[in-house]
Structures are given as C-alpha cells and as structure tokens.
Amino acid sequence: MSTAYIITASEPVNQQIYRFLRQDIVTCVISPGALLSEKEVSARFSVSRQPVREAFIKLAEADLVQILPQRGTFVRKISARRVADGRFIREAVETAVIRRAATEATPEALARLEHNLRLQKLSAERNDSQAFLLLDDEFHRLIAQSINCELAWETVENIKATMDRVRFLTLSKVSPPESLINQHEEILQALLAKDADAAEQALRHHLQEMIFSITPIAEQNGAWFEQE
C-alpha cells in the first residue's frame, strides 16, 4: 500500500479512509484476496482503529471486502456475476437519465461535458489511468447533474464498485482509454443533437462493452476472480 494519502479536517476520518481504501482496491493496489489489517491501516493513516473499523464496514456494504469473525477482513475476489448484476442496474438507471438529458440538458451542461471530454483526452495522452477513471465517472455524473438528478448517479456509484475493478484492469489492453473516449464522444454528439434514441443506443453500447471484456480479463488474472 504505497499510495500516499493525507487525512484532513474537511470530512469525517472514516469516510476519508473508506474513499482511500476503495481507490486502492479498485485500482488493484490492494489485490483481490488480500488481508486488510486494522492495525496496519491505523498505522498507515495515523488514526485510531475505530474509524478504520467503520471504513471496513462501509467497504463490506460496497461488496469490496468480506469481514470474517476471528479470521479478519479480506478484499473480495472479483465476481463476474456481481459485475453483470451491477451493469444491469446501472444500464437501467443511466438509460433513463440519458433520454431526459437529450431533451433537457442546457448548453452550459453540454459545455461541461465537452470540457470533461477534453480532459479525458489529456489524461489518456499522459497514460494516467487513475485520472482517466475519475474523469470517466465525472462524465456520467455530469449527465445526471444536467437533469438535476444527481441522486441517480449516487445510486449507480453505490453499486458499481466491483465493476470499477474490471474497468481498471481493462484499460491497458481490452478497453483502452481511446476506445472509451470515442464512445463518450458518440454519447455527447447524440446529446448535442438532442437525439434521445441515439443517445440511449450509444450509452448501451458503452456499458455493454464490460460484459464482453470480462472474459479475457478473468483469463489473464484468474487468481483475482471468484470461481463461479
């Protein structure tokens, strides 16, 4: 766990530790199957064990860790079934959002999406995978924000943690950023044209790619996936 994070007074400590650990798990800095030690995490962030324990509970609720009494807390291996379930729910929510955005998004909201897309291209040029993933999430959040329904994105964010690990693993070979940027561009162009059908089709294609990419990723990283 080499990534350096700084605890601040801006929000509760347990929420910061949750977010930092989630980032490390999603990007496989902490690998699937690894044991998480309350003592080691407490020392890493120079905090007591209580906020660490609370962060572990929240990670368990996000299906990223499993807390086993008397044994410890382990990072869950990736489940292809949970990835598929998460994608199904995400697609149902986001297709409803994108259709409304096609008719309701303001020029200012569309301009923010265009700016985000430019930043995605810069992060891809710099081979900054973590920055790209954050901008990818921001792109989808901005679409929900464009119809004044950020709760839709918060709902998606709460169920997509397992999906995010697959997204990170696919960036280098299966679904490189350039491919995802082209898909985002198709979504944006449909929104600019106020074409709800085209926007929905582009979004479905974008989200369904994960189902096709999970098999080669599981074959390349077999020890990190559950045997289902």
# chains A, B, ... in the order shown; residues from 1 in each chain; ligands from 1
$ residues_around --residues "Glu185 of chain A" --least-positions-apart "6" --cutoff "10 Å" --atoms "only C-alpha atoms" --output "list in words"
Leu113, Glu114, Leu117, Ser179, Leu191 and Ala202 of chain A
$ closest_atom_pairs --of "segment 38-129 of chain A" --to "segment 161-165 of chain A" --cutoff "12 Å" --atoms "only C-alpha atoms" --output "Markdown table"
| residue | atom | partner | partner_atom | distance |
| --- | --- | --- | --- | --- |
| A:Lys58 | CA | A:Ala161 | CA | 11.7 |
| A:Leu59 | CA | A:Ala161 | CA | 9.3 |
| A:Ala60 | CA | A:Ala161 | CA | 10.8 |
| A:Glu61 | CA | A:Ala161 | CA | 10.3 |
| A:Ala62 | CA | A:Ala161 | CA | 6.5 |
| A:Asp63 | CA | A:Thr162 | CA | 7.2 |
| A:Leu64 | CA | A:Thr162 | CA | 6.8 |
| A:Val65 | CA | A:Thr162 | CA | 10.4 |
| A:Val75 | CA | A:Thr162 | CA | 11.1 |
| A:Arg76 | CA | A:Thr162 | CA | 9.2 |
| A:Lys77 | CA | A:Thr162 | CA | 9.2 |
| A:Ile78 | CA | A:Thr162 | CA | 6.6 |
| A:Ser79 | CA | A:Thr162 | CA | 7.6 |
| A:Ala80 | CA | A:Thr162 | CA | 8.9 |
| A:Arg81 | CA | A:Thr162 | CA | 10.0 |
| A:Arg82 | CA | A:Thr162 | CA | 7.1 |
| A:Val83 | CA | A:Met163 | CA | 5.2 |
| A:Ala84 | CA | A:Met163 | CA | 8.2 |
| A:Asp85 | CA | A:Met163 | CA | 9.5 |
| A:Gly86 | CA | A:Met163 | CA | 6.9 |
| A:Arg87 | CA | A:Met163 | CA | 7.3 |
| A:Phe88 | CA | A:Met163 | CA | 10.9 |
| A:Ile89 | CA | A:Met163 | CA | 11.4 |
| A:Arg90 | CA | A:Met163 | CA | 10.0 |
$ select_by_dssp --residues "segment 20-212 of chain A" --states "strand (DSSP E)" --output "list of chain:residue names"
A:Leu35, A:Leu36, A:Val65, A:Gln66, A:Ile67, A:Leu68, A:Gly72, A:Thr73, A:Phe74, A:Val75
$ write_last_selection --atoms "C-alpha atoms" --output "short mmCIF file (atom, residue, chain, number, x, y, z; two decimals), in the first residue's frame"
data_model
loop_
_atom_site.label_atom_id
_atom_site.label_comp_id
_atom_site.auth_asym_id
_atom_site.auth_seq_id
_atom_site.Cartn_x
_atom_site.Cartn_y
_atom_site.Cartn_z
CA LEU A 35 -5.92 -9.46 4.05
CA LEU A 36 -6.64 -5.98 5.43
CA VAL A 65 -14.36 -6.73 1.38
CA GLN A 66 -15.59 -9.63 3.46
CA ILE A 67 -15.37 -9.43 7.25
CA LEU A 68 -14.89 -12.90 8.75
CA GLY A 72 -10.01 -10.95 9.58
CA THR A 73 -11.09 -8.70 6.73
CA PHE A 74 -10.31 -9.82 3.20
CA VAL A 75 -10.61 -8.00 -0.11
#
$ closest_residue --among "A:Glu154, A:Glu226, A:Glu209, A:Glu200" --to "Pro32 of chain A" --atoms "only C-alpha atoms"
A:Glu226
$ closest_residue --among "A:Ala9, A:Arg141, A:Arg204, A:Arg71" --to "Thr155 of chain A" --atoms "only C-alpha atoms"
A:Arg141
$ closest_residue --among "A:Gln120, A:Ser48, A:Thr170, A:Ser129" --to "Asn221 of chain A" --atoms "only C-alpha atoms"
A:Thr170
$ closest_residue --among "A:Leu110, A:Pro177, A:Ile7, A:Cys149" --to "Gln189 of chain A" --atoms "only C-alpha atoms"
A:Leu110
$ decode --residues "segment 164-200 of chain A" --atoms "C-alpha atoms" --output "short mmCIF file (atom, residue, chain, number, x, y, z; two decimals), in the first residue's frame"
data_model
loop_
_atom_site.label_atom_id
_atom_site.label_comp_id
_atom_site.auth_asym_id
_atom_site.auth_seq_id
_atom_site.Cartn_x
_atom_site.Cartn_y
_atom_site.Cartn_z
CA ASP A 164 -14.77 -0.41 -11.34
CA ARG A 165 -12.09 -3.04 -10.71
CA VAL A 166 -12.83 -4.64 -14.07
CA ARG A 167 -12.82 -1.20 -15.72
CA PHE A 168 -9.34 -0.52 -14.36
CA LEU A 169 -7.98 -3.91 -15.46
CA THR A 170 -9.35 -3.48 -18.99
CA LEU A 171 -7.78 -0.08 -19.63
CA SER A 172 -4.38 -1.32 -20.76
CA LYS A 173 -5.43 -3.95 -23.31
CA VAL A 174 -9.10 -4.79 -23.67
CA SER A 175 -10.80 -1.38 -23.48
CA PRO A 176 -8.10 1.28 -23.80
CA PRO A 177 -9.00 4.89 -22.94
CA GLU A 178 -9.02 5.88 -26.62
CA SER A 179 -11.87 3.45 -27.28
CA LEU A 180 -13.86 4.68 -24.29
CA ILE A 181 -13.29 8.30 -25.30
CA ASN A 182 -14.73 7.56 -28.73
CA GLN A 183 -17.79 6.06 -27.04
CA HIS A 184 -18.15 9.13 -24.82
CA GLU A 185 -17.86 11.28 -27.94
CA GLU A 186 -20.76 9.38 -29.53
CA ILE A 187 -22.86 9.95 -26.41
CA LEU A 188 -22.04 13.65 -26.39
CA GLN A 189 -22.80 14.11 -30.08
CA ALA A 190 -26.21 12.49 -29.62
CA LEU A 191 -26.93 14.83 -26.70
CA LEU A 192 -25.86 17.83 -28.75
CA ALA A 193 -28.23 16.68 -31.50
CA LYS A 194 -31.00 16.17 -28.90
CA ASP A 195 -31.46 12.66 -30.27
CA ALA A 196 -32.70 10.55 -27.34
CA ASP A 197 -32.71 7.27 -29.31
CA ALA A 198 -29.12 7.74 -30.50
CA ALA A 199 -28.01 8.80 -27.01
CA GLU A 200 -29.55 5.70 -25.45
#
